[in-house]
file final27.cif (mmCIF, C-alpha atoms)
data_entry
loop_
_atom_site.label_atom_id
_atom_site.label_comp_id
_atom_site.auth_asym_id
_atom_site.auth_seq_id
_atom_site.Cartn_x
_atom_site.Cartn_y
_atom_site.Cartn_z
CA MET A 1 40.56 -64.38 3.00
CA ARG A 2 36.85 -63.71 2.52
CA PHE A 3 37.03 -60.82 5.01
CA PHE A 4 39.97 -59.32 3.09
CA PHE A 5 38.02 -59.28 -0.16
CA SER A 6 35.04 -57.60 1.56
CA ILE A 7 37.24 -54.77 2.79
CA VAL A 8 38.78 -54.28 -0.66
CA PHE A 9 35.29 -54.23 -2.26
CA ALA A 10 34.06 -51.68 0.27
CA PHE A 11 36.97 -49.32 -0.40
CA ALA A 12 36.40 -49.71 -4.17
CA VAL A 13 32.67 -48.91 -3.98
CA LEU A 14 33.00 -45.96 -1.58
CA PRO A 15 34.62 -43.51 -4.11
CA LEU A 16 31.92 -44.39 -6.64
CA ALA A 17 29.17 -43.68 -4.14
CA VAL A 18 30.79 -40.39 -3.18
CA ALA A 19 31.11 -39.46 -6.86
CA LEU A 20 27.47 -40.31 -7.50
CA THR A 21 26.42 -38.30 -4.45
CA GLY A 22 28.48 -35.33 -5.67
CA CYS A 23 26.85 -35.57 -9.09
CA ASN A 24 23.41 -35.60 -7.54
CA ARG A 25 24.26 -32.59 -5.35
CA GLY A 26 25.61 -30.69 -8.39
CA ALA A 27 22.44 -31.43 -10.32
CA ASP A 28 20.37 -30.26 -7.38
CA ALA A 29 22.45 -27.08 -7.10
CA LYS A 30 22.00 -26.35 -10.80
CA ALA A 31 18.28 -26.93 -10.45
CA THR A 32 18.25 -24.51 -7.51
CA VAL A 33 20.25 -21.80 -9.34
CA ALA A 34 18.07 -21.91 -12.46
CA ALA A 35 15.39 -19.20 -12.04
CA PRO A 36 11.80 -20.28 -12.57
CA ALA A 37 9.80 -18.90 -15.49
CA LEU A 38 7.99 -15.60 -14.76
CA LEU A 39 4.29 -15.72 -15.58
CA VAL A 40 3.31 -12.44 -17.28
CA ALA A 41 -0.26 -11.42 -18.07
CA PRO A 42 -1.13 -8.62 -20.56
CA GLU A 43 -2.00 -6.24 -17.72
CA ASP A 44 1.48 -6.74 -16.22
CA VAL A 45 3.19 -5.24 -19.27
CA ILE A 46 3.20 -1.77 -20.80
CA THR A 47 4.09 -1.10 -24.42
CA LEU A 48 6.01 2.10 -24.98
CA LYS A 49 4.79 4.51 -27.62
CA PRO A 50 5.47 8.19 -28.28
CA SER A 51 3.26 10.56 -26.32
CA ALA A 52 2.71 14.28 -26.43
CA VAL A 53 4.56 15.96 -23.58
CA ALA A 54 3.39 19.47 -22.78
CA ALA A 55 5.85 22.08 -21.69
CA GLY A 56 4.77 25.25 -19.99
CA PRO A 57 4.30 26.99 -16.64
CA LEU A 58 2.62 25.27 -13.73
CA VAL A 59 -0.78 26.48 -12.62
CA THR A 60 -2.35 25.76 -9.23
CA GLY A 61 -5.67 26.76 -7.76
CA THR A 62 -9.19 25.55 -7.02
CA ILE A 63 -12.25 24.48 -8.95
CA GLN A 64 -15.08 26.98 -8.52
CA PRO A 65 -18.54 27.31 -10.09
CA ASP A 66 -18.99 30.11 -12.58
CA ARG A 67 -22.62 30.55 -11.51
CA ARG A 68 -23.02 30.82 -7.75
CA ALA A 69 -25.34 32.82 -5.53
CA ASP A 70 -24.98 33.79 -1.88
CA LEU A 71 -28.60 34.10 -0.77
CA ARG A 72 -28.99 36.65 2.03
CA ALA A 73 -31.92 37.87 4.12
CA GLU A 74 -33.60 40.98 2.74
CA VAL A 75 -35.90 41.42 5.75
CA SER A 76 -35.38 41.03 9.49
CA ALA A 77 -37.35 38.00 10.65
CA ILE A 78 -37.18 34.65 12.40
CA VAL A 79 -36.27 31.62 10.28
CA LEU A 80 -39.28 29.29 10.25
CA ALA A 81 -37.91 26.48 8.03
CA VAL A 82 -34.95 25.54 5.85
CA LEU A 83 -36.33 23.29 3.14
CA LYS A 84 -33.12 22.12 1.44
CA GLU A 85 -29.95 20.54 2.80
CA ASN A 86 -26.38 20.62 1.48
CA GLY A 87 -25.98 18.69 -1.73
CA GLN A 88 -29.67 18.59 -2.62
CA PRO A 89 -30.63 19.66 -6.15
CA VAL A 90 -32.94 22.65 -6.62
CA LYS A 91 -34.93 24.10 -9.48
CA ARG A 92 -35.28 27.74 -10.29
CA GLY A 93 -38.06 29.24 -8.13
CA ASP A 94 -37.99 26.52 -5.44
CA VAL A 95 -38.53 27.84 -1.91
CA LEU A 96 -35.34 27.21 0.07
CA VAL A 97 -35.86 29.20 3.29
CA ARG A 98 -39.11 30.47 4.80
CA LEU A 99 -39.06 33.44 7.21
CA ASP A 100 -41.72 34.62 9.66
CA ASP A 101 -44.04 37.01 7.79
CA THR A 102 -46.49 37.94 10.57
CA SER A 103 -45.44 41.56 11.05
CA ILE A 104 -44.89 42.11 7.32
CA ARG A 105 -48.35 40.73 6.50
CA ASP A 106 -49.87 43.12 9.06
CA GLY A 107 -47.97 45.96 7.42
CA LEU A 108 -49.41 44.94 4.05
CA VAL A 109 -52.95 45.03 5.41
CA SER A 110 -52.33 48.48 6.87
CA ALA A 111 -50.92 49.74 3.56
CA GLN A 112 -53.91 48.36 1.68
CA GLU A 113 -56.32 50.17 4.02
CA ALA A 114 -54.38 53.40 3.60
CA GLU A 115 -54.57 52.96 -0.17
CA ARG A 116 -58.33 52.49 0.01
CA ALA A 117 -58.78 55.65 2.07
CA ALA A 118 -56.53 57.64 -0.26
CA SER A 119 -58.47 56.33 -3.26
CA GLN A 120 -61.79 57.46 -1.75
CA ALA A 121 -60.40 60.91 -0.90
CA PHE A 122 -59.07 61.30 -4.43
CA GLU A 123 -62.41 60.28 -5.98
CA GLN A 124 -64.26 62.77 -3.77
CA ALA A 125 -61.82 65.59 -4.59
CA GLN A 126 -62.09 64.73 -8.28
CA ARG A 127 -65.91 64.96 -8.24
CA GLN A 128 -65.77 68.23 -6.31
CA PHE A 129 -63.37 69.71 -8.84
CA GLN A 130 -65.60 68.64 -11.75
CA ARG A 131 -68.73 70.23 -10.17
CA LEU A 132 -66.95 73.51 -9.48
CA ASN A 133 -65.54 73.51 -12.98
CA THR A 134 -69.10 73.22 -14.37
CA LEU A 135 -70.39 75.99 -12.12
CA ARG A 136 -67.47 78.21 -13.06
CA ALA A 137 -68.61 78.12 -16.66
CA SER A 138 -71.97 79.68 -15.57
CA GLY A 139 -70.24 82.24 -13.37
CA MET A 140 -71.59 80.86 -10.09
CA VAL A 141 -68.12 79.95 -8.66
CA SER A 142 -65.14 82.15 -8.29
CA ALA A 143 -61.78 81.34 -9.81
CA GLN A 144 -60.28 81.00 -6.34
CA GLN A 145 -62.75 78.29 -5.34
CA LEU A 146 -61.99 76.35 -8.50
CA GLU A 147 -58.26 76.66 -7.87
CA ASP A 148 -58.62 75.43 -4.27
CA ALA A 149 -60.58 72.39 -5.50
CA GLU A 150 -57.90 71.63 -8.06
CA ILE A 151 -55.19 71.82 -5.37
CA ARG A 152 -57.13 69.35 -3.18
CA ARG A 153 -57.60 67.04 -6.14
CA ASN A 154 -53.87 67.07 -6.92
CA SER A 155 -52.95 66.56 -3.28
CA THR A 156 -55.21 63.54 -2.85
CA GLN A 157 -53.88 62.14 -6.12
CA SER A 158 -50.32 62.36 -4.72
CA ASP A 159 -51.48 60.69 -1.50
CA LEU A 160 -53.03 57.87 -3.53
CA SER A 161 -49.83 57.33 -5.51
CA GLY A 162 -47.82 57.16 -2.27
CA ALA A 163 -50.28 54.68 -0.76
CA LYS A 164 -50.04 52.45 -3.83
CA ALA A 165 -46.24 52.51 -3.64
CA ARG A 166 -46.38 51.47 0.03
CA VAL A 167 -48.64 48.56 -0.87
CA VAL A 168 -46.21 47.42 -3.56
CA GLN A 169 -43.33 47.71 -1.11
CA ALA A 170 -45.22 45.71 1.49
CA ARG A 171 -45.96 42.99 -1.07
CA GLN A 172 -42.28 42.86 -2.01
CA GLN A 173 -41.34 42.54 1.65
CA LEU A 174 -43.82 39.70 2.00
CA GLN A 175 -42.35 37.93 -1.03
CA ARG A 176 -38.88 38.27 0.48
CA THR A 177 -39.90 36.11 3.42
CA GLU A 178 -39.62 33.18 1.00
CA VAL A 179 -36.06 32.78 -0.28
CA ARG A 180 -36.13 31.07 -3.67
CA ALA A 181 -33.49 29.45 -5.88
CA PRO A 182 -32.31 31.88 -8.60
CA PHE A 183 -31.38 29.06 -11.03
CA ASP A 184 -31.15 25.28 -11.33
CA GLY A 185 -28.31 23.88 -9.22
CA ILE A 186 -27.48 22.39 -5.85
CA VAL A 187 -27.22 23.77 -2.32
CA SER A 188 -23.55 23.98 -1.44
CA ASP A 189 -23.51 25.65 1.99
CA ARG A 190 -26.35 25.98 4.46
CA LYS A 191 -25.80 28.74 7.02
CA VAL A 192 -28.99 28.90 9.14
CA SER A 193 -31.47 26.65 10.90
CA ALA A 194 -35.07 27.03 12.02
CA GLY A 195 -35.31 29.45 14.95
CA ASP A 196 -32.35 31.64 13.97
CA THR A 197 -32.82 35.39 13.71
CA ALA A 198 -32.08 36.60 10.20
CA GLN A 199 -30.99 40.24 10.09
CA ILE A 200 -30.89 42.11 6.81
CA GLY A 201 -27.79 40.98 4.92
CA LYS A 202 -27.30 37.74 6.88
CA GLU A 203 -26.13 34.87 4.64
CA LEU A 204 -28.67 32.06 4.56
CA LEU A 205 -27.25 29.54 2.08
CA LYS A 206 -25.30 29.19 -1.15
CA VAL A 207 -26.49 27.75 -4.43
CA ILE A 208 -24.12 26.73 -7.22
CA ASP A 209 -24.57 25.47 -10.75
CA PRO A 210 -22.29 22.38 -11.05
CA ARG A 211 -22.48 22.55 -14.83
CA SER A 212 -20.59 25.84 -14.86
CA LEU A 213 -17.37 24.79 -13.13
CA ARG A 214 -14.11 26.55 -13.93
CA PHE A 215 -10.49 26.31 -12.81
CA GLU A 216 -9.37 29.46 -10.98
CA GLY A 217 -5.59 29.12 -11.05
CA LEU A 218 -2.51 31.12 -10.21
CA VAL A 219 0.62 31.32 -12.35
CA SER A 220 4.03 32.71 -11.46
CA SER A 221 4.58 36.19 -12.82
CA ASP A 222 7.87 34.98 -14.34
CA ALA A 223 5.89 33.04 -16.95
CA ILE A 224 3.30 35.70 -17.73
CA GLN A 225 4.76 36.44 -21.17
CA SER A 226 4.23 32.85 -22.35
CA ILE A 227 0.52 32.54 -21.51
CA HIS A 228 -2.51 34.02 -23.21
CA ALA A 229 -6.22 33.38 -23.65
CA GLY A 230 -7.10 30.31 -25.69
CA GLN A 231 -4.18 28.11 -24.60
CA SER A 232 -4.92 24.53 -23.56
CA VAL A 233 -4.48 23.45 -19.95
CA SER A 234 -4.21 19.89 -18.65
CA PHE A 235 -4.66 19.37 -14.91
CA ARG A 236 -5.63 16.96 -12.19
CA VAL A 237 -7.91 17.49 -9.22
CA ASN A 238 -7.23 16.37 -5.67
CA GLY A 239 -9.56 13.43 -5.02
CA TYR A 240 -9.68 12.47 -8.71
CA ALA A 241 -5.99 11.61 -9.09
CA ALA A 242 -6.57 8.96 -11.75
CA GLN A 243 -8.58 11.27 -14.01
CA ASP A 244 -7.10 13.85 -16.36
CA PHE A 245 -9.02 17.05 -17.06
CA ALA A 246 -8.63 19.45 -19.94
CA GLY A 247 -9.40 23.13 -20.12
CA ARG A 248 -8.84 26.31 -22.07
CA ILE A 249 -7.78 29.69 -20.71
CA ARG A 250 -10.64 32.16 -20.82
CA LEU A 251 -8.77 35.19 -19.57
CA VAL A 252 -5.58 36.26 -17.84
CA SER A 253 -5.77 38.84 -15.07
CA PRO A 254 -4.08 42.14 -16.00
CA THR A 255 -2.70 42.56 -12.47
CA ALA A 256 -0.67 40.37 -10.14
CA ASN A 257 -1.43 39.61 -6.52
CA PRO A 258 0.50 42.18 -4.45
CA THR A 259 1.40 39.57 -1.81
CA THR A 260 2.29 36.44 -3.79
CA ARG A 261 3.19 38.17 -7.09
CA GLN A 262 1.15 35.55 -8.91
CA VAL A 263 -1.26 36.16 -11.77
CA GLU A 264 -4.77 34.71 -11.82
CA VAL A 265 -6.03 32.82 -14.86
CA LEU A 266 -9.56 31.56 -15.45
CA VAL A 267 -9.77 28.21 -17.22
CA ASP A 268 -12.97 26.81 -18.71
CA ILE A 269 -13.24 23.04 -18.25
CA VAL A 270 -13.65 21.17 -21.54
CA GLY A 271 -16.07 18.25 -21.56
CA GLU A 272 -18.05 16.69 -18.75
CA ALA A 273 -16.85 17.16 -15.18
CA PRO A 274 -18.10 15.56 -11.95
CA ALA A 275 -20.58 17.73 -10.06
CA ARG A 276 -18.63 17.55 -6.80
CA LEU A 277 -15.42 19.22 -7.92
CA ALA A 278 -16.25 22.64 -6.47
CA GLY A 279 -13.72 23.82 -3.90
CA LEU A 280 -11.15 21.07 -4.60
CA TYR A 281 -7.46 21.81 -5.14
CA ALA A 282 -6.16 21.39 -8.70
CA GLU A 283 -2.71 21.42 -10.26
CA GLY A 284 -1.76 21.37 -13.90
CA ARG A 285 0.34 22.75 -16.68
CA ILE A 286 -0.40 25.32 -19.36
CA GLU A 287 0.55 23.88 -22.74
CA ALA A 288 2.69 26.73 -23.96
CA SER A 289 4.58 24.25 -26.18
CA SER A 290 4.33 20.52 -26.92
CA THR A 291 6.84 17.83 -27.91
CA THR A 292 6.66 14.09 -28.60
CA ALA A 293 8.70 11.69 -26.45
CA LEU A 294 8.67 8.27 -24.83
CA VAL A 295 7.35 8.31 -21.28
CA ILE A 296 7.49 5.64 -18.62
CA PRO A 297 5.30 5.46 -15.50
CA SER A 298 7.06 5.75 -12.17
CA SER A 299 5.85 2.25 -11.19
CA ALA A 300 7.96 0.68 -13.98
CA LEU A 301 11.10 2.62 -13.11
CA VAL A 302 13.67 1.17 -10.69
CA ARG A 303 16.14 3.58 -9.08
CA ASP A 304 19.35 3.06 -7.18
CA GLY A 305 20.89 6.41 -6.39
CA ASP A 306 21.58 8.19 -9.67
CA ARG A 307 21.08 5.05 -11.73
CA ALA A 308 17.75 4.05 -13.25
CA TRP A 309 16.68 0.96 -15.14
CA ALA A 310 13.63 -1.04 -16.18
CA TRP A 311 12.84 -4.67 -16.92
CA ARG A 312 12.14 -5.32 -20.60
CA VAL A 313 10.34 -8.40 -21.88
CA LYS A 314 12.33 -9.48 -24.95
CA GLY A 315 11.00 -12.63 -26.56
CA LYS A 316 10.87 -15.27 -23.83
CA SER A 317 13.26 -13.67 -21.35
CA LEU A 318 13.76 -10.59 -19.18
CA GLN A 319 16.37 -7.94 -19.85
CA LYS A 320 17.59 -5.38 -17.34
CA VAL A 321 18.09 -2.16 -19.33
CA ALA A 322 19.69 1.03 -18.07
CA LEU A 323 17.69 4.20 -18.72
CA THR A 324 18.41 7.88 -19.10
CA VAL A 325 15.40 9.79 -17.84
CA GLY A 326 14.48 13.43 -18.20
CA GLU A 327 11.87 15.64 -16.55
CA ARG A 328 8.97 14.24 -14.61
CA ASP A 329 5.39 15.26 -15.29
CA PRO A 330 4.23 16.81 -11.98
CA ARG A 331 0.63 15.76 -12.61
CA ARG A 332 0.90 12.18 -13.88
CA GLY A 333 4.22 11.29 -12.32
CA ASP A 334 5.55 9.85 -15.60
CA TYR A 335 9.18 10.28 -16.64
CA VAL A 336 10.47 11.22 -20.07
CA VAL A 337 12.96 8.58 -21.30
CA THR A 338 15.76 9.90 -23.50
CA ALA A 339 17.83 6.68 -23.90
CA GLY A 340 17.70 2.98 -23.13
CA VAL A 341 14.41 1.91 -24.68
CA ALA A 342 12.67 2.32 -28.01
CA ASP A 343 9.17 2.60 -29.40
CA GLY A 344 7.29 -0.70 -29.04
CA ASP A 345 9.37 -2.11 -26.16
CA ARG A 346 7.43 -4.07 -23.56
CA LEU A 347 8.26 -3.27 -19.92
CA LEU A 348 7.09 -4.79 -16.69
CA ARG A 349 4.58 -2.46 -15.09
CA HIS A 350 5.40 -3.38 -11.47
CA PRO A 351 8.83 -5.08 -11.22
CA ILE A 352 9.84 -6.82 -7.99
CA GLY A 353 13.24 -7.11 -6.33
CA THR A 354 13.74 -10.85 -6.98
CA LEU A 355 13.89 -10.60 -10.78
CA LYS A 356 17.03 -11.80 -12.57
CA ASP A 357 18.54 -10.71 -15.86
CA GLY A 358 17.83 -13.39 -18.47
CA GLN A 359 15.02 -14.97 -16.44
CA PRO A 360 12.61 -16.87 -18.70
CA VAL A 361 9.17 -15.41 -19.27
CA GLN A 362 5.95 -17.25 -19.97
CA ASP A 363 2.90 -15.37 -21.25
CA THR A 364 -0.43 -16.12 -19.56
CA PRO A 365 -3.95 -14.86 -20.27
CA SER A 366 -5.34 -12.02 -18.18
CA ALA A 367 -7.38 -12.78 -15.08
CA GLY A 368 -10.58 -11.64 -16.77
CA ALA A 369 -9.97 -13.81 -19.83
CA ALA A 370 -9.10 -16.81 -17.67
CA THR A 371 -12.30 -16.39 -15.65
CA THR A 372 -14.36 -16.13 -18.84
CA ALA A 373 -12.68 -19.21 -20.33
CA SER A 374 -13.23 -21.17 -17.12
CA ALA A 375 -16.89 -20.19 -17.05
CA ALA A 376 -17.31 -21.18 -20.70
CA ALA A 377 -15.64 -24.54 -20.07
CA SER A 378 -18.01 -25.27 -17.19
CA GLN A 379 -21.09 -24.72 -19.37
CA PRO A 380 -22.78 -27.99 -20.40
CA LEU A 381 -22.81 -28.82 -24.12
CA THR A 382 -26.19 -28.53 -25.81
CA ARG A 383 -27.16 -30.60 -28.78
#
call {"tool": "encode", "arguments": {"input": "final27.cif", "output": "structure tokens"}}
result
Amino acid sequence: MRFFFSIVFAFAVLPLAVALTGCNRGADAKATVAAPALLVAPEDVITLKPSAVAAGPLVTGTIQPDRRADLRAEVSAIVLAVLKENGQPVKRGDVLVRLDDTSIRDGLVSAQEAERAASQAFEQAQRQFQRLNTLRASGMVSAQQLEDAEIRRNSTQSDLSGAKARVVQARQQLQRTEVRAPFDGIVSDRKVSAGDTAQIGKELLKVIDPRSLRFEGLVSSDAIQSIHAGQSVSFRVNGYAAQDFAGRIRLVSPTANPTTRQVEVLVDIVGEAPARLAGLYAEGRIEASSTTALVIPSSALVRDGDRAWAWRVKGKSLQKVALTVGERDPRRGDYVVTAGVADGDRLLRHPIGTLKDGQPVQDTPSAGAATTASAAASQPLTR
């Protein structure tokens, strides 16, 4: 009888245990399905606000210095020393390249000796002419003798002038054996080394003024009617992708390139610019017209085929919002948003694929603020 009651009790308890186990599993499943709260710092969120969006033709080209000098050899000589390397700053008048001046210095000495001899001959002819002129007044010298003395005096005077010119030329040649900087700047391209033979016209090095940089761009001839001098230009430079530059058109070329059919524009850079921009590729847009619109960075935009959406932080939860996007800024990569969000909305800057619509959000301080607070908390209290 006791065994019978044990079996009955076991069968009565078993459904209850199964029910309790099922309840526990359901609770665990619900706990697993519930998404954890997303910790969001201020740097993880962007707040939308209207921005000026420029519309106009694209312009591409390179950054070039307005003041640049290609220093070339003006005498034929051996290069003795190159005193400046690429990238080194120079002051106006600094010696950059020194050429061998041995033969030119000898030529100067020879010209100086010829000048001295011509000067002595002229002085002698001048004295002779003055004596004959005095004797002519007393009738002791014929007119022909006086005329011959005058001719010799004039001839020696011409010889002296020629000798002086050759001395000046020799001095100039000697000065040209030292190639000097024409203005303050930096050496951008060194072409020779010590021991090279520099013929007349050979390029030695280039000097540029980094404070006079300009954007030499090309614009399609289709847009030539919409551009003119004085328009603003915003552009970015390869190697400085995170920095925006501004400029203003100085002039527009009156002719188009016969090969590319593009028109050159010269753009003055507004404000300070890094010294090492020369020669870098640049791309921008001429602000022929400007409108105000909401823009969203490409990092905050999620695409799936033709659909686009973003994750909006609304109160304490996430919302997946569909977007209608317009043109993309070719320089910044931002998209113009025409529908789906409004001014002041907060969007996740870098959304990930595991986010869920309605997921709770918890605000946290930024990493810098947390580090500062932790450091302050670790400081001992002073009385």
call {"tool": "atom_distance", "arguments": {"input": "final27.cif", "atom1": "atom CA of A:Glu115", "atom2": "atom CA of A:Thr134"}}
result
28.7 Å
call {"tool": "residues_around", "arguments": {"input": "final27.cif", "residues": "stretch 194-209 of chain A", "least_positions_apart": "3", "cutoff": "6 Å", "atoms": "only C-alpha atoms", "output": "PDB file with C-alpha atoms, keeping the file's coordinate frame"}}
result
ATOM      1  CA  ARG A  67     -22.620  30.550 -11.510  1.00  0.00           C
ATOM      2  CA  ARG A  68     -23.020  30.820  -7.750  1.00  0.00           C
ATOM      3  CA  ALA A  69     -25.340  32.820  -5.530  1.00  0.00           C
ATOM      4  CA  ASP A  70     -24.980  33.790  -1.880  1.00  0.00           C
ATOM      5  CA  LEU A  71     -28.600  34.100  -0.770  1.00  0.00           C
ATOM      6  CA  ARG A  72     -28.990  36.650   2.030  1.00  0.00           C
ATOM      7  CA  ALA A  73     -31.920  37.870   4.120  1.00  0.00           C
ATOM      8  CA  GLU A  74     -33.600  40.980   2.740  1.00  0.00           C
ATOM      9  CA  VAL A  75     -35.900  41.420   5.750  1.00  0.00           C
ATOM     10  CA  SER A  76     -35.380  41.030   9.490  1.00  0.00           C
ATOM     11  CA  ALA A  77     -37.350  38.000  10.650  1.00  0.00           C
ATOM     12  CA  ILE A  78     -37.180  34.650  12.400  1.00  0.00           C
ATOM     13  CA  VAL A  79     -36.270  31.620  10.280  1.00  0.00           C
ATOM     14  CA  LEU A  80     -39.280  29.290  10.250  1.00  0.00           C
ATOM     15  CA  ALA A  81     -37.910  26.480   8.030  1.00  0.00           C
ATOM     16  CA  GLY A 185     -28.310  23.880  -9.220  1.00  0.00           C
ATOM     17  CA  ILE A 186     -27.480  22.390  -5.850  1.00  0.00           C
ATOM     18  CA  VAL A 187     -27.220  23.770  -2.320  1.00  0.00           C
ATOM     19  CA  SER A 188     -23.550  23.980  -1.440  1.00  0.00           C
ATOM     20  CA  ASP A 189     -23.510  25.650   1.990  1.00  0.00           C
ATOM     21  CA  ARG A 190     -26.350  25.980   4.460  1.00  0.00           C
ATOM     22  CA  LYS A 191     -25.800  28.740   7.020  1.00  0.00           C
ATOM     23  CA  SER A 212     -20.590  25.840 -14.860  1.00  0.00           C
TER      24      SER A 212
END
call {"tool": "atom_distance", "arguments": {"input": "final27.cif", "atom1": "atom CA of A:Asp222", "atom2": "atom CA of A:Gly239"}}
result
29.2 Å
call {"tool": "resolve_selection", "arguments": {"input": "final27.cif", "expression": "the PyMOL selection byres ((chain A and resi 246-255) around 6)", "output": "list in words"}}
result
Ala229, Gly230, Gln231, Ser232, Val233, Ser234, Phe245, Ala256, Glu264, Val265, Leu266, Val267, Asp268, Ile269 and Val270 of chain A
call {"tool": "atom_distance", "arguments": {"input": "final27.cif", "atom1": "atom CA of A:Leu213", "atom2": "atom CA of A:Ile63"}}
result
6.6 Å
call {"tool": "residues_around", "arguments": {"input": "final27.cif", "residues": "A:Leu39", "least_positions_apart": "3", "cutoff": "10 Å", "atoms": "only C-alpha atoms", "output": "ChimeraX atom specification"}}
result
/A:36,44,360-365
call {"tool": "resolve_selection", "arguments": {"input": "final27.cif", "expression": "the PyMOL selection byres ((chain A and resi 282) around 10)", "output": "list of chain:residue names"}}
result
A:Val59, A:Thr60, A:Gly61, A:Thr62, A:Ile63, A:Phe215, A:Glu216, A:Gly217, A:Phe235, A:Arg236, A:Val237, A:Asn238, A:Gly239, A:Tyr240, A:Ala241, A:Phe245, A:Leu277, A:Gly279, A:Leu280, A:Tyr281, A:Glu283, A:Gly284, A:Arg331
call {"tool": "write_last_selection", "arguments": {"input": "final27.cif", "atoms": "C-alpha atoms", "output": "PDB file, keeping the file's coordinate frame"}}
result
ATOM      1  CA  VAL A  59      -0.780  26.480 -12.620  1.00  0.00           C
ATOM      2  CA  THR A  60      -2.350  25.760  -9.230  1.00  0.00           C
ATOM      3  CA  GLY A  61      -5.670  26.760  -7.760  1.00  0.00           C
ATOM      4  CA  THR A  62      -9.190  25.550  -7.020  1.00  0.00           C
ATOM      5  CA  ILE A  63     -12.250  24.480  -8.950  1.00  0.00           C
ATOM      6  CA  PHE A 215     -10.490  26.310 -12.810  1.00  0.00           C
ATOM      7  CA  GLU A 216      -9.370  29.460 -10.980  1.00  0.00           C
ATOM      8  CA  GLY A 217      -5.590  29.120 -11.050  1.00  0.00           C
ATOM      9  CA  PHE A 235      -4.660  19.370 -14.910  1.00  0.00           C
ATOM     10  CA  ARG A 236      -5.630  16.960 -12.190  1.00  0.00           C
ATOM     11  CA  VAL A 237      -7.910  17.490  -9.220  1.00  0.00           C
ATOM     12  CA  ASN A 238      -7.230  16.370  -5.670  1.00  0.00           C
ATOM     13  CA  GLY A 239      -9.560  13.430  -5.020  1.00  0.00           C
ATOM     14  CA  TYR A 240      -9.680  12.470  -8.710  1.00  0.00           C
ATOM     15  CA  ALA A 241      -5.990  11.610  -9.090  1.00  0.00           C
ATOM     16  CA  PHE A 245      -9.020  17.050 -17.060  1.00  0.00           C
ATOM     17  CA  LEU A 277     -15.420  19.220  -7.920  1.00  0.00           C
ATOM     18  CA  GLY A 279     -13.720  23.820  -3.900  1.00  0.00           C
ATOM     19  CA  LEU A 280     -11.150  21.070  -4.600  1.00  0.00           C
ATOM     20  CA  TYR A 281      -7.460  21.810  -5.140  1.00  0.00           C
ATOM     21  CA  GLU A 283      -2.710  21.420 -10.260  1.00  0.00           C
ATOM     22  CA  GLY A 284      -1.760  21.370 -13.900  1.00  0.00           C
ATOM     23  CA  ARG A 331       0.630  15.760 -12.610  1.00  0.00           C
TER      24      ARG A 331
END
call {"tool": "resolve_selection", "arguments": {"input": "final27.cif", "expression": "the PyMOL selection byres ((chain A and resi 121) around 12)", "output": "list in words"}}
result
Ala114, Glu115, Arg116, Ala117, Ala118, Ser119, Gln120, Phe122, Glu123, Gln124, Ala125, Gln126, Arg127, Gln128, Arg152, Arg153, Asn154, Ser155, Thr156, Gln157, Ser158, Asp159, Leu160 and Ala163 of chain A
call {"tool": "residues_around", "arguments": {"input": "final27.cif", "residues": "stretch 346-358 of chain A", "least_positions_apart": "2", "cutoff": "8 Å", "atoms": "all atoms listed in the file", "output": "list of chain:residue names"}}
result
A:Ala35, A:Asp44, A:Val45, A:Ile46, A:Thr47, A:Leu48, A:Pro297, A:Ser299, A:Ala300, A:Val302, A:Ala310, A:Trp311, A:Arg312, A:Val313, A:Lys314, A:Ser317, A:Leu318, A:Gln319, A:Lys320, A:Gly344, A:Pro360
call {"tool": "closest_residue", "arguments": {"input": "final27.cif", "among": "A:Val141, A:Ser221, A:Lys316, A:Ala339", "to": "A:Gln359", "atoms": "only C-alpha atoms"}}
result
A:Lys316
call {"tool": "residues_near_point", "arguments": {"input": "final27.cif", "point": "(4.9, 36.9, -9.9)", "cutoff": "9 Å", "atoms": "only C-alpha atoms", "output": "CSV table (one decimal) with C-alpha atoms, keeping the file's coordinate frame"}}
result
chain,number,residue,atom,x,y,z
A,219,VAL,CA,0.6,31.3,-12.4
A,220,SER,CA,4.0,32.7,-11.5
A,221,SER,CA,4.6,36.2,-12.8
A,222,ASP,CA,7.9,35.0,-14.3
A,223,ALA,CA,5.9,33.0,-17.0
A,224,ILE,CA,3.3,35.7,-17.7
A,256,ALA,CA,-0.7,40.4,-10.1
A,257,ASN,CA,-1.4,39.6,-6.5
A,258,PRO,CA,0.5,42.2,-4.4
A,260,THR,CA,2.3,36.4,-3.8
A,261,ARG,CA,3.2,38.2,-7.1
A,262,GLN,CA,1.2,35.6,-8.9
A,263,VAL,CA,-1.3,36.2,-11.8
call {"tool": "closest_residue", "arguments": {"input": "final27.cif", "among": "A:Met140, A:Ala37, A:Ile151, A:Leu174", "to": "A:Arg98", "atoms": "only C-alpha atoms"}}
result
A:Leu174
call {"tool": "closest_residue", "arguments": {"input": "final27.cif", "among": "A:Asp306, A:Gln243, A:Thr259, A:Pro210", "to": "A:Pro65", "atoms": "all atoms listed in the file"}}
result
A:Pro210
call {"tool": "residues_around", "arguments": {"input": "final27.cif", "residues": "A:Val337", "least_positions_apart": "3", "cutoff": "6 Å", "atoms": "only C-alpha atoms", "output": "PyMOL selection string"}}
result
chain A and resi 294-295+324-326
call {"tool": "closest_residue", "arguments": {"input": "final27.cif", "among": "A:Val179, A:Ala275, A:Ala242, A:Ile227", "to": "A:Gly93", "atoms": "all atoms listed in the file"}}
result
A:Val179
call {"tool": "decode", "arguments": {"input": "final27.cif", "residues": "stretch 199-205 of chain A", "atoms": "C-alpha atoms", "output": "compact mmCIF listing (two decimals), in the first residue's frame"}}
result
# COMPACT_ATOMS: atom_id res chain seq x y z
CA GLN A 199 76.38 74.50 -68.78
CA ILE A 200 74.71 77.83 -69.41
CA GLY A 201 70.97 77.39 -68.92
CA LYS A 202 71.23 74.17 -66.87
CA GLU A 203 68.66 74.05 -64.05
CA LEU A 204 70.33 73.95 -60.66
CA LEU A 205 67.46 74.07 -58.16
